[in-house]
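See below for structure30.txt, which holds compact mmCIF, C-alpha atoms and all ligand atoms.
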# COMPACT_ATOMS: atom_id res chain seq x y z
CA MET X 1 -14.92 28.02 -33.98
CA SER X 2 -16.63 27.93 -30.60
CA GLY X 3 -15.50 26.38 -27.35
CA ARG X 4 -13.16 27.53 -24.60
CA ARG X 5 -9.58 28.43 -25.48
CA VAL X 6 -6.73 28.53 -22.94
CA LEU X 7 -3.29 29.86 -23.76
CA ILE X 8 -0.46 28.33 -21.74
CA THR X 9 2.40 30.73 -22.13
CA ASN X 10 5.93 31.53 -20.94
CA ILE X 11 6.89 27.86 -21.24
CA GLY X 12 10.67 27.87 -20.71
CA ARG X 13 11.15 24.44 -22.27
CA LEU X 14 8.43 22.48 -24.07
CA PHE X 15 9.40 18.80 -24.22
CA THR X 16 7.26 17.71 -27.18
CA SER X 17 8.24 14.01 -27.27
CA THR X 18 8.19 14.33 -31.09
CA SER X 19 10.99 14.85 -33.63
CA ASP X 20 10.68 18.58 -32.76
CA GLY X 21 12.46 17.81 -29.48
CA VAL X 22 12.50 20.66 -26.98
CA VAL X 23 11.04 24.02 -28.05
CA THR X 24 12.20 26.95 -25.93
CA ASP X 25 10.13 30.06 -25.05
CA ALA X 26 6.96 28.42 -26.25
CA ALA X 27 3.22 28.82 -25.88
CA VAL X 28 0.45 26.24 -26.40
CA LEU X 29 -3.13 27.11 -27.30
CA VAL X 30 -5.66 24.61 -26.03
CA HIS X 31 -9.12 24.51 -27.64
CA GLU X 32 -11.61 22.47 -25.61
CA ASP X 33 -9.81 19.15 -24.96
CA ARG X 34 -7.20 19.37 -27.74
CA ILE X 35 -3.96 21.17 -28.51
CA ALA X 36 -4.78 23.70 -31.24
CA TRP X 37 -1.50 25.56 -31.80
CA ILE X 38 2.12 25.72 -30.66
CA GLY X 39 4.16 28.87 -31.18
CA PRO X 40 6.63 31.33 -29.68
CA SER X 41 5.54 32.68 -26.34
CA GLY X 42 5.62 36.32 -27.48
CA GLN X 43 3.41 35.75 -30.53
CA ALA X 44 -0.38 36.17 -30.57
CA PRO X 45 -2.12 32.83 -31.16
CA PRO X 46 -4.36 32.40 -34.25
CA SER X 47 -7.47 33.01 -32.14
CA ALA X 48 -7.91 34.98 -28.93
CA PRO X 49 -7.87 32.88 -25.74
CA ASP X 50 -10.56 33.04 -23.05
CA ASP X 51 -7.90 32.42 -20.39
CA VAL X 52 -4.13 32.79 -20.14
CA VAL X 53 -1.94 30.71 -17.82
CA ASP X 54 1.59 32.05 -17.35
CA VAL X 55 3.80 29.11 -16.26
CA GLU X 56 6.81 31.38 -15.56
CA ASP X 57 9.52 29.57 -17.56
CA ALA X 58 8.49 26.12 -16.31
CA LEU X 59 9.25 22.88 -18.16
CA VAL X 60 6.11 21.54 -19.86
CA THR X 61 5.75 17.93 -21.03
CA PRO X 62 2.92 15.70 -22.21
CA GLY X 63 1.00 14.18 -19.28
CA LEU X 64 2.98 11.13 -18.15
CA ILE X 65 1.66 7.65 -18.95
CA ASP X 66 2.03 4.86 -16.41
CA ALA X 67 1.93 1.74 -18.57
CA HIS X 68 1.88 -0.96 -15.86
CA THR X 69 -0.12 -0.87 -12.60
CA HIS X 70 -2.14 -3.15 -10.30
CA PRO X 71 -4.32 -0.69 -8.31
CA VAL X 72 -7.41 -2.84 -7.53
CA TYR X 73 -6.52 -4.37 -4.17
CA ALA X 74 -7.26 -4.14 -0.48
CA GLY X 75 -4.99 -4.77 2.50
CA ASP X 76 -1.22 -4.39 2.60
CA ARG X 77 1.86 -6.64 2.72
CA LEU X 78 4.21 -4.37 4.61
CA ALA X 79 5.19 -7.03 7.18
CA GLU X 80 6.03 -9.38 4.31
CA ILE X 81 8.19 -6.75 2.61
CA SER X 82 10.03 -6.22 5.88
CA MET X 83 10.55 -9.99 6.31
CA ARG X 84 11.81 -10.31 2.74
CA SER X 85 14.30 -7.52 3.33
CA ALA X 86 15.66 -9.52 6.28
CA GLY X 87 16.17 -12.60 4.08
CA ALA X 88 12.92 -14.57 4.65
CA SER X 89 12.36 -17.27 2.04
CA TYR X 90 9.32 -17.50 -0.21
CA ALA X 91 8.13 -20.52 1.83
CA GLU X 92 8.46 -18.63 5.12
CA ILE X 93 6.49 -15.72 3.68
CA ALA X 94 3.79 -18.02 2.29
CA SER X 95 3.50 -19.89 5.63
CA SER X 96 3.07 -16.56 7.45
CA GLY X 97 0.15 -15.80 5.13
CA GLY X 98 1.94 -13.48 2.67
CA GLY X 99 2.17 -13.37 -1.12
CA ILE X 100 -0.36 -12.60 -3.86
CA ARG X 101 -2.88 -14.93 -2.20
CA SER X 102 -3.02 -12.80 0.95
CA THR X 103 -3.99 -9.83 -1.24
CA VAL X 104 -6.59 -11.98 -3.01
CA ALA X 105 -8.17 -12.83 0.37
CA ALA X 106 -8.20 -9.18 1.52
CA THR X 107 -9.55 -7.95 -1.83
CA ARG X 108 -12.34 -10.53 -1.95
CA ASP X 109 -13.28 -9.50 1.63
CA ALA X 110 -13.49 -5.78 0.84
CA THR X 111 -16.88 -4.27 0.03
CA ARG X 112 -17.35 -2.66 -3.36
CA LYS X 113 -17.49 0.73 -1.63
CA GLU X 114 -14.21 0.16 0.26
CA LEU X 115 -12.46 -1.04 -2.87
CA ALA X 116 -13.81 1.88 -4.91
CA TRP X 117 -12.51 4.35 -2.32
CA LEU X 118 -9.05 2.71 -2.27
CA VAL X 119 -8.71 2.69 -6.06
CA GLU X 120 -10.04 6.23 -6.42
CA SER X 121 -7.58 7.61 -3.86
CA ARG X 122 -4.71 5.83 -5.65
CA LEU X 123 -5.79 7.28 -9.00
CA MET X 124 -5.95 10.76 -7.46
CA SER X 125 -2.36 10.39 -6.32
CA TRP X 126 -1.26 9.44 -9.85
CA MET X 127 -2.90 12.60 -11.15
CA ALA X 128 -1.29 14.73 -8.45
CA GLY X 129 2.10 13.43 -9.61
CA GLY X 130 1.53 14.41 -13.26
CA THR X 131 0.28 11.10 -14.67
CA THR X 132 -2.76 11.60 -16.91
CA THR X 133 -3.10 8.04 -18.26
CA VAL X 134 -2.85 4.91 -16.11
CA GLU X 135 -2.91 1.35 -17.43
CA ALA X 136 -4.70 -0.56 -14.63
CA LYS X 137 -4.94 -4.32 -14.22
CA THR X 138 -7.40 -6.53 -12.37
CA GLY X 139 -6.05 -9.77 -10.90
CA TYR X 140 -6.65 -9.85 -7.14
CA HIS X 141 -10.01 -11.60 -7.24
CA LEU X 142 -9.14 -14.56 -9.47
CA GLU X 143 -12.78 -15.56 -9.75
CA ARG X 144 -15.21 -14.54 -12.45
CA ASP X 145 -17.58 -12.13 -10.72
CA GLY X 146 -14.85 -10.32 -8.79
CA GLU X 147 -12.67 -9.91 -11.88
CA LEU X 148 -15.59 -8.53 -13.89
CA ALA X 149 -16.58 -6.22 -11.01
CA ALA X 150 -12.99 -4.90 -10.92
CA ILE X 151 -13.18 -4.10 -14.65
CA ARG X 152 -16.48 -2.25 -14.14
CA LEU X 153 -15.09 -0.38 -11.12
CA LEU X 154 -12.14 0.86 -13.19
CA GLY X 155 -14.55 1.83 -15.98
CA ASP X 156 -16.73 3.83 -13.55
CA LEU X 157 -13.69 5.66 -12.12
CA ALA X 158 -12.35 6.34 -15.62
CA ALA X 159 -15.44 8.46 -16.26
CA SER X 160 -14.46 10.92 -13.51
CA PRO X 161 -13.06 14.20 -14.90
CA ARG X 162 -10.70 14.64 -11.92
CA LEU X 163 -9.02 11.23 -12.30
CA PRO X 164 -6.52 10.13 -14.94
CA ARG X 165 -7.62 8.31 -18.09
CA VAL X 166 -7.66 4.58 -17.33
CA GLU X 167 -6.73 1.80 -19.76
CA ILE X 168 -8.24 -1.38 -18.34
CA THR X 169 -6.43 -4.73 -18.46
CA PHE X 170 -8.04 -8.07 -17.53
CA LEU X 171 -5.44 -10.05 -15.55
CA GLY X 172 -7.47 -13.07 -14.44
CA ALA X 173 -4.26 -15.04 -15.13
CA HIS X 174 -2.24 -13.23 -12.45
CA ASP X 175 -1.94 -16.45 -10.42
CA VAL X 176 -3.94 -19.67 -10.14
CA GLY X 177 -7.18 -18.97 -8.26
CA PRO X 178 -7.09 -20.45 -4.74
CA GLU X 179 -9.94 -22.82 -5.64
CA PHE X 180 -7.79 -24.31 -8.41
CA LEU X 181 -4.51 -24.97 -6.56
CA GLY X 182 -2.71 -27.87 -8.22
CA ARG X 183 -5.01 -27.62 -11.29
CA PRO X 184 -3.54 -24.71 -13.26
CA ASP X 185 -4.79 -26.00 -16.64
CA ASP X 186 -8.35 -26.08 -15.31
CA TYR X 187 -7.95 -22.50 -14.06
CA VAL X 188 -6.59 -21.40 -17.46
CA GLU X 189 -9.75 -22.79 -19.09
CA GLU X 190 -11.82 -20.75 -16.60
CA VAL X 191 -9.95 -17.55 -17.51
CA VAL X 192 -10.36 -18.34 -21.21
CA ALA X 193 -14.11 -18.67 -20.61
CA TRP X 194 -14.24 -15.25 -18.86
CA CYS X 195 -12.51 -13.38 -21.71
CA ALA X 196 -15.62 -12.52 -23.74
CA ASP X 197 -17.33 -11.07 -20.63
CA ALA X 198 -14.15 -9.20 -19.63
CA GLY X 199 -14.01 -7.54 -23.04
CA ALA X 200 -17.72 -6.72 -22.92
CA ALA X 201 -17.30 -5.25 -19.39
CA GLY X 202 -14.76 -2.75 -20.73
CA ALA X 203 -11.28 -4.31 -20.64
CA GLY X 204 -9.19 -3.19 -23.61
CA PHE X 205 -6.35 -5.62 -22.85
CA VAL X 206 -5.74 -9.13 -21.58
CA ASP X 207 -2.57 -9.93 -19.62
CA VAL X 208 -0.96 -13.09 -18.24
CA PHE X 209 1.81 -13.70 -15.69
CA CYS X 210 3.99 -15.96 -17.84
CA ASP X 211 6.79 -16.92 -15.46
CA ALA X 212 8.38 -19.57 -13.25
CA GLY X 213 5.83 -20.76 -10.68
CA TYR X 214 2.94 -19.05 -12.51
CA PHE X 215 1.84 -19.79 -16.10
CA GLY X 216 3.94 -21.43 -18.80
CA PRO X 217 4.19 -20.28 -22.44
CA ASP X 218 1.47 -22.71 -23.65
CA GLN X 219 -0.96 -21.55 -20.96
CA ALA X 220 -0.08 -17.90 -21.64
CA ARG X 221 -0.65 -18.35 -25.38
CA ARG X 222 -4.07 -19.93 -24.70
CA VAL X 223 -5.19 -16.95 -22.55
CA LEU X 224 -3.78 -14.30 -24.90
CA LEU X 225 -5.39 -15.81 -28.01
CA ALA X 226 -8.76 -16.11 -26.22
CA GLY X 227 -8.43 -12.47 -25.14
CA ARG X 228 -7.59 -11.46 -28.67
CA ASP X 229 -10.67 -13.32 -29.98
CA ALA X 230 -12.70 -11.27 -27.46
CA GLY X 231 -11.32 -8.05 -28.98
CA MET X 232 -8.66 -7.29 -26.36
CA GLY X 233 -5.04 -6.36 -27.07
CA ALA X 234 -2.44 -8.65 -25.49
CA ARG X 235 0.08 -7.76 -22.77
CA VAL X 236 2.47 -10.18 -21.07
CA HIS X 237 4.32 -10.23 -17.73
CA ALA X 238 7.41 -11.72 -19.36
CA ASP X 239 10.76 -13.13 -18.24
CA GLU X 240 10.68 -11.34 -14.86
CA LEU X 241 11.57 -14.17 -12.43
CA ASP X 242 13.34 -16.37 -14.95
CA ARG X 243 13.63 -16.71 -18.73
CA THR X 244 10.63 -18.93 -19.40
CA GLY X 245 9.61 -17.68 -22.86
CA GLY X 246 7.20 -14.82 -22.14
CA SER X 247 8.94 -12.46 -24.58
CA ARG X 248 8.78 -15.01 -27.36
CA VAL X 249 5.07 -15.67 -26.74
CA ALA X 250 4.46 -11.89 -26.77
CA ALA X 251 6.21 -11.61 -30.15
CA GLU X 252 4.44 -14.66 -31.54
CA VAL X 253 0.89 -13.49 -30.68
CA GLY X 254 1.62 -9.87 -31.66
CA ALA X 255 1.18 -8.51 -28.14
CA VAL X 256 1.06 -4.74 -27.69
CA SER X 257 3.50 -4.92 -24.76
CA ALA X 258 5.90 -7.31 -23.00
CA ASP X 259 6.63 -6.16 -19.47
CA HIS X 260 9.48 -6.39 -16.91
CA LEU X 261 11.93 -8.46 -19.06
CA LEU X 262 14.55 -8.76 -16.31
CA TYR X 263 15.85 -12.02 -17.84
CA ALA X 264 15.22 -11.15 -21.51
CA THR X 265 18.18 -11.73 -23.85
CA GLU X 266 19.41 -10.14 -27.05
CA GLU X 267 17.51 -12.82 -28.98
CA ASP X 268 14.30 -11.83 -27.14
CA ALA X 269 14.97 -8.16 -27.92
CA ALA X 270 15.27 -9.01 -31.63
CA ALA X 271 11.99 -10.98 -31.50
CA LEU X 272 10.17 -8.08 -29.77
CA ALA X 273 11.58 -5.60 -32.30
CA GLY X 274 10.55 -7.80 -35.24
CA ALA X 275 6.98 -8.08 -33.97
CA GLY X 276 6.64 -4.40 -32.97
CA VAL X 277 6.04 -5.26 -29.30
CA VAL X 278 6.65 -2.41 -26.83
CA ALA X 279 8.91 -3.21 -23.83
CA THR X 280 7.30 -1.79 -20.70
CA LEU X 281 9.98 -1.59 -18.01
CA CYS X 282 9.39 -1.08 -14.28
CA PRO X 283 12.58 0.14 -12.55
CA VAL X 284 11.12 0.21 -9.01
CA THR X 285 10.32 -3.51 -9.22
CA ALA X 286 13.67 -4.20 -10.88
CA LEU X 287 15.40 -2.56 -7.89
CA ALA X 288 13.23 -4.55 -5.47
CA MET X 289 14.17 -7.76 -7.31
CA GLY X 290 17.87 -6.81 -7.56
CA ARG X 291 18.13 -7.28 -11.33
CA MET X 292 17.87 -4.80 -14.21
CA PRO X 293 16.23 -5.39 -17.61
CA PRO X 294 18.49 -5.01 -20.69
CA ALA X 295 17.16 -1.53 -21.53
CA ARG X 296 20.06 -0.52 -23.79
CA VAL X 297 19.92 -3.79 -25.73
CA LEU X 298 16.19 -3.26 -26.30
CA LEU X 299 16.72 0.32 -27.51
CA ASP X 300 19.64 -0.73 -29.73
CA HIS X 301 17.35 -3.29 -31.41
CA GLY X 302 14.79 -0.56 -32.09
CA VAL X 303 12.24 -1.71 -29.49
CA THR X 304 9.96 1.10 -28.22
CA VAL X 305 10.40 1.36 -24.44
CA ALA X 306 7.61 2.44 -22.07
CA LEU X 307 7.76 2.80 -18.29
CA GLY X 308 5.52 1.80 -15.41
CA THR X 309 5.41 2.15 -11.64
CA ASP X 310 4.16 -1.47 -11.37
CA HIS X 311 2.17 -0.14 -8.38
CA ASN X 312 1.13 -3.28 -6.45
CA PRO X 313 0.95 -4.29 -2.79
CA GLY X 314 3.99 -6.61 -2.88
CA GLN X 315 6.87 -4.67 -4.46
CA SER X 316 6.03 -1.12 -5.46
CA GLY X 317 3.80 1.32 -3.62
CA THR X 318 4.72 4.38 -5.64
CA THR X 319 2.38 6.20 -8.00
CA SER X 320 5.12 8.67 -9.01
CA MET X 321 6.09 8.44 -12.67
CA GLY X 322 8.45 11.35 -11.90
CA LEU X 323 10.36 8.94 -9.68
CA VAL X 324 10.22 6.22 -12.35
CA VAL X 325 11.69 8.58 -14.97
CA GLY X 326 14.57 9.38 -12.60
CA LEU X 327 15.18 5.70 -11.86
CA ALA X 328 15.05 4.87 -15.58
CA VAL X 329 18.08 7.17 -15.87
CA HIS X 330 20.00 6.00 -12.81
CA ALA X 331 19.08 2.30 -12.72
CA LEU X 332 18.31 1.43 -16.37
CA GLY X 333 20.92 3.68 -18.00
CA LEU X 334 18.56 5.71 -20.18
CA SER X 335 19.29 9.34 -20.96
CA VAL X 336 16.83 11.88 -19.53
CA ASP X 337 15.46 12.36 -23.07
CA GLU X 338 15.00 8.63 -23.57
CA ALA X 339 13.38 8.18 -20.16
CA LEU X 340 10.94 11.06 -20.64
CA THR X 341 10.11 9.87 -24.17
CA ALA X 342 9.46 6.38 -22.76
CA ALA X 343 7.14 7.84 -20.10
CA THR X 344 5.12 9.77 -22.71
CA ALA X 345 5.24 8.68 -26.39
CA GLY X 346 6.41 5.18 -25.38
CA GLY X 347 3.57 4.86 -22.88
CA ALA X 348 1.04 5.88 -25.54
CA ARG X 349 2.36 3.09 -27.81
CA SER X 350 2.18 0.65 -24.90
CA VAL X 351 -1.53 1.35 -24.38
CA GLY X 352 -2.23 1.48 -28.12
CA ARG X 353 -3.17 5.18 -28.26
CA VAL X 354 -2.11 7.71 -30.88
CA ASP X 355 -3.97 10.71 -29.39
CA ARG X 356 -1.60 11.36 -26.44
CA GLY X 357 1.99 11.20 -25.25
CA THR X 358 3.18 13.99 -27.52
CA VAL X 359 2.67 17.76 -27.71
CA ALA X 360 1.39 18.53 -31.23
CA PRO X 361 -1.70 20.14 -32.76
CA GLY X 362 -4.69 17.78 -32.65
CA GLN X 363 -3.42 15.77 -29.67
CA LEU X 364 -5.33 15.59 -26.39
CA ALA X 365 -4.43 18.55 -24.18
CA ASP X 366 -2.96 16.32 -21.45
CA LEU X 367 -0.07 18.49 -20.26
CA VAL X 368 2.07 19.03 -17.18
CA ALA X 369 3.98 22.15 -16.12
CA TRP X 370 6.65 20.92 -13.72
CA ASN X 371 8.20 22.49 -10.69
CA ALA X 372 11.44 22.86 -12.68
CA GLU X 373 12.81 24.74 -15.67
CA HIS X 374 14.73 21.84 -17.25
CA GLU X 375 14.00 18.14 -17.81
CA GLY X 376 17.30 17.27 -16.12
CA ALA X 377 15.40 17.84 -12.86
CA PHE X 378 13.81 14.39 -13.23
CA ALA X 379 17.19 12.74 -12.66
CA TRP X 380 18.13 15.11 -9.84
CA GLU X 381 15.00 15.61 -7.79
CA LEU X 382 13.72 12.03 -7.77
CA GLY X 383 9.95 12.26 -7.57
CA LEU X 384 9.69 15.65 -9.31
CA MET X 385 6.25 17.18 -8.76
CA PRO X 386 4.05 19.25 -11.07
CA ARG X 387 2.78 22.77 -10.57
CA TRP X 388 -0.06 22.40 -13.09
CA VAL X 389 -1.66 19.31 -14.61
CA TRP X 390 -4.15 19.55 -17.47
CA LYS X 391 -6.29 16.60 -18.56
CA GLY X 392 -8.18 17.31 -21.76
CA GLY X 393 -7.46 21.01 -21.35
CA ARG X 394 -8.92 21.12 -17.85
CA ALA X 395 -6.55 22.15 -15.03
CA LEU X 396 -6.70 19.61 -12.22
CA VAL X 397 -3.72 20.43 -10.06
CA SER X 398 -2.66 24.01 -9.77
CA GLU X 399 -0.29 25.50 -7.32
CA ASP X 400 -0.40 29.24 -7.00
CA PRO X 401 3.22 30.29 -7.51
CA GLU X 402 2.63 33.32 -5.29
CA VAL X 403 1.91 31.06 -2.34
CA GLY X 404 4.68 29.29 -0.44
CA PRO X 405 8.22 30.03 0.66
ZN ZN G 1 2.67 -6.46 -12.90
Would you write the structure of this file as structure tokens?
Ligand SMILES: [Zn+2]
Amino acid sequence: MSGRRVLITNIGRLFTSTSDGVVTDAAVLVHEDRIAWIGPSGQAPPSAPDDVVDVEDALVTPGLIDAHTHPVYAGDRLAEISMRSAGASYAEIASSGGGIRSTVAATRDATRKELAWLVESRLMSWMAGGTTTVEAKTGYHLERDGELAAIRLLGDLAASPRLPRVEITFLGAHDVGPEFLGRPDDYVEEVVAWCADAGAAGAGFVDVFCDAGYFGPDQARRVLLAGRDAGMGARVHADELDRTGGSRVAAEVGAVSADHLLYATEEDAAALAGAGVVATLCPVTALAMGRMPPARVLLDHGVTVALGTDHNPGQSGTTSMGLVVGLAVHALGLSVDEALTAATAGGARSVGRVDRGTVAPGQLADLVAWNAEHEGAFAWELGLMPRWVWKGGRALVSEDPEVGP
């Protein structure tokens, strides 16, 4: 066997996110971009490593997976967020130029170079926080060429070795395009017509904002089935603002993921479980909206739960999945184990990947050594940071433990 081997050793606790649970005093041998062997930290690995990294009793987990983000935008809505916090109504915000449409205007105005720089710097911050896979949606152009350019931009950035892996989602149905105000069915037909090109441009998923004031279940079904015909997996923004049927459409079309679910019921949980749809929950947004999704009900029905930052300019500016894991404990009522499993193995299910999200031989060597010795730190130090991040066996963030206070 040729290729570079790195031994990561003196792992105090290895959170595998498999039925093996936590392995103490462990070592992991990485061969090229894959995990080759897991064993006790004192034992010699089956083949001699080229490099040894001593993580000094740190907690090691799979690289975190952010399963819901909207990173392709320009401008900000900070004044709007401040107004909303002081009780401004939706109409007042819209009349002051806020809302999704203000982001659409700013994003359409940005040059490709400006937008590329903004998205790249956001992706770097995900990586710095220990997230090695980011699901990333388009949806702030709402016209054909801009949406396709956003898909290609994400594809170009995904090729960079220093950025996280990117799973691209076409969200042309984020809102009705400004040129189609009052004609949502005509806009839906436009989005349907863009699906084949979106898939060809590199989108692996199609998504729709199925909710009050956005798209109804019939419109959502139309977009999702067209996306599926174009070879994309389906995702749904479902039952976030009201219970309008997004979860049921997700179950009916066999979506990979139904997201948010703040108004989902026990009946919806049963439908998602029956259809094998992952529930991707976003606790930062839930806090911003003042309502929590029924996380325990979903888990009790056997639904796989994933987590997302929902990074977007209107509600959630964080790229820290460490923070999201902590909030999944405190706001959603998950145990630390459940939250960390959701942010790793659950995230992999949510983006339809079997090669990541767990620490096992043959898996991608996407690993994080945290600045902590126990996973309980996620629920204590909200926004826990890594000391080392490996993507495909390559160290991208490393903090020399000898340096610092
Ligand atoms: Zn979203």
Checklist line | Surroundings of ligand ZN 1 (chain G) up to 7 Å, based on only C-alpha atoms and all ligand atoms, as a list in words | finding: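 Sorted by chain and then by number, the residues are His68, Thr69, His70, His237 and Asp310 of chain X.
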Note to self: I'd like to know which of X:Met232, X:Leu123, X:Val297, X:Ala251 is closest to Pro161 in chain X, using all atoms listed in the file.
What the structure shows: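 Checking each candidate against Pro161 in chain X, we get X:Leu123 as the closest.
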Check: Do you know which residues are at most 7 Å from range 207-223 of chain X counting all atoms listed in the file, after dropping those on the same chain fewer than 4 positions away, and could you put them as a list in words?
Finding: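 These residues fall inside the cut-off: Thr169, Phe170, Leu171, Ala173, His174, Asp175, Val188, Val191, Val192, Gly227, Ala234, Arg235, Val236, His237, Ala238, Asp239, Glu240, Leu241, Asp242, Thr244, Gly245, Gly246 and Val249 of chain X.
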Check: By how many Å are CA of Leu281 in chain X and CA of Arg101 in chain X apart?
Finding: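 Distance between the two atoms: 24.4 Å.
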Notebook entry, point to check: Could you name the residues that touch range 79-88 of chain X at 9 Å or less, counting all atoms listed in the file, but leaving out those on the same chain fewer than 3 positions away, as a PyMOL selection string?
Noted result: chain X and resi 76+91-93+96-99+314-315
Next item on the list: Between CA of Leu115 in chain X and CA of Ala159 in chain X, measure the distance and give it in Å to one decimal.
Entry: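 Result for CA of Leu115 in chain X versus CA of Ala159 in chain X: 16.7 Å, one decimal.
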Determine, using all atoms listed in the file, which residues of range 328-390 of chain X have any atom at most 9 Å from an atom of range 298-304 of chain X, and tabulate each with its shortest atom pair and distance in Å to one decimal place, rows ordered by chain and then rising number, as a tab-separated table.
residue	atom	partner	partner_atom	distance
X:Ala342	CA	X:Thr304	CA	7.6
X:Gly346	CA	X:Thr304	CA	6.1
X:Arg349	CA	X:Thr304	CA	7.9
X:Ser350	CA	X:Thr304	CA	8.5
Check: Which one is closest to Val284 in chain X: X:Leu384, X:Ala196, X:Ala328, X:Val305? Count all atoms listed in the file.
Finding: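 The answer is X:Ala328, which sits nearest to Val284 in chain X.
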Next item on the list: Please indicate the distance in Å from CA of Asp66 in chain X to CA of Ala343 in chain X, rounded to one decimal place.
Entry: 7.0 Å
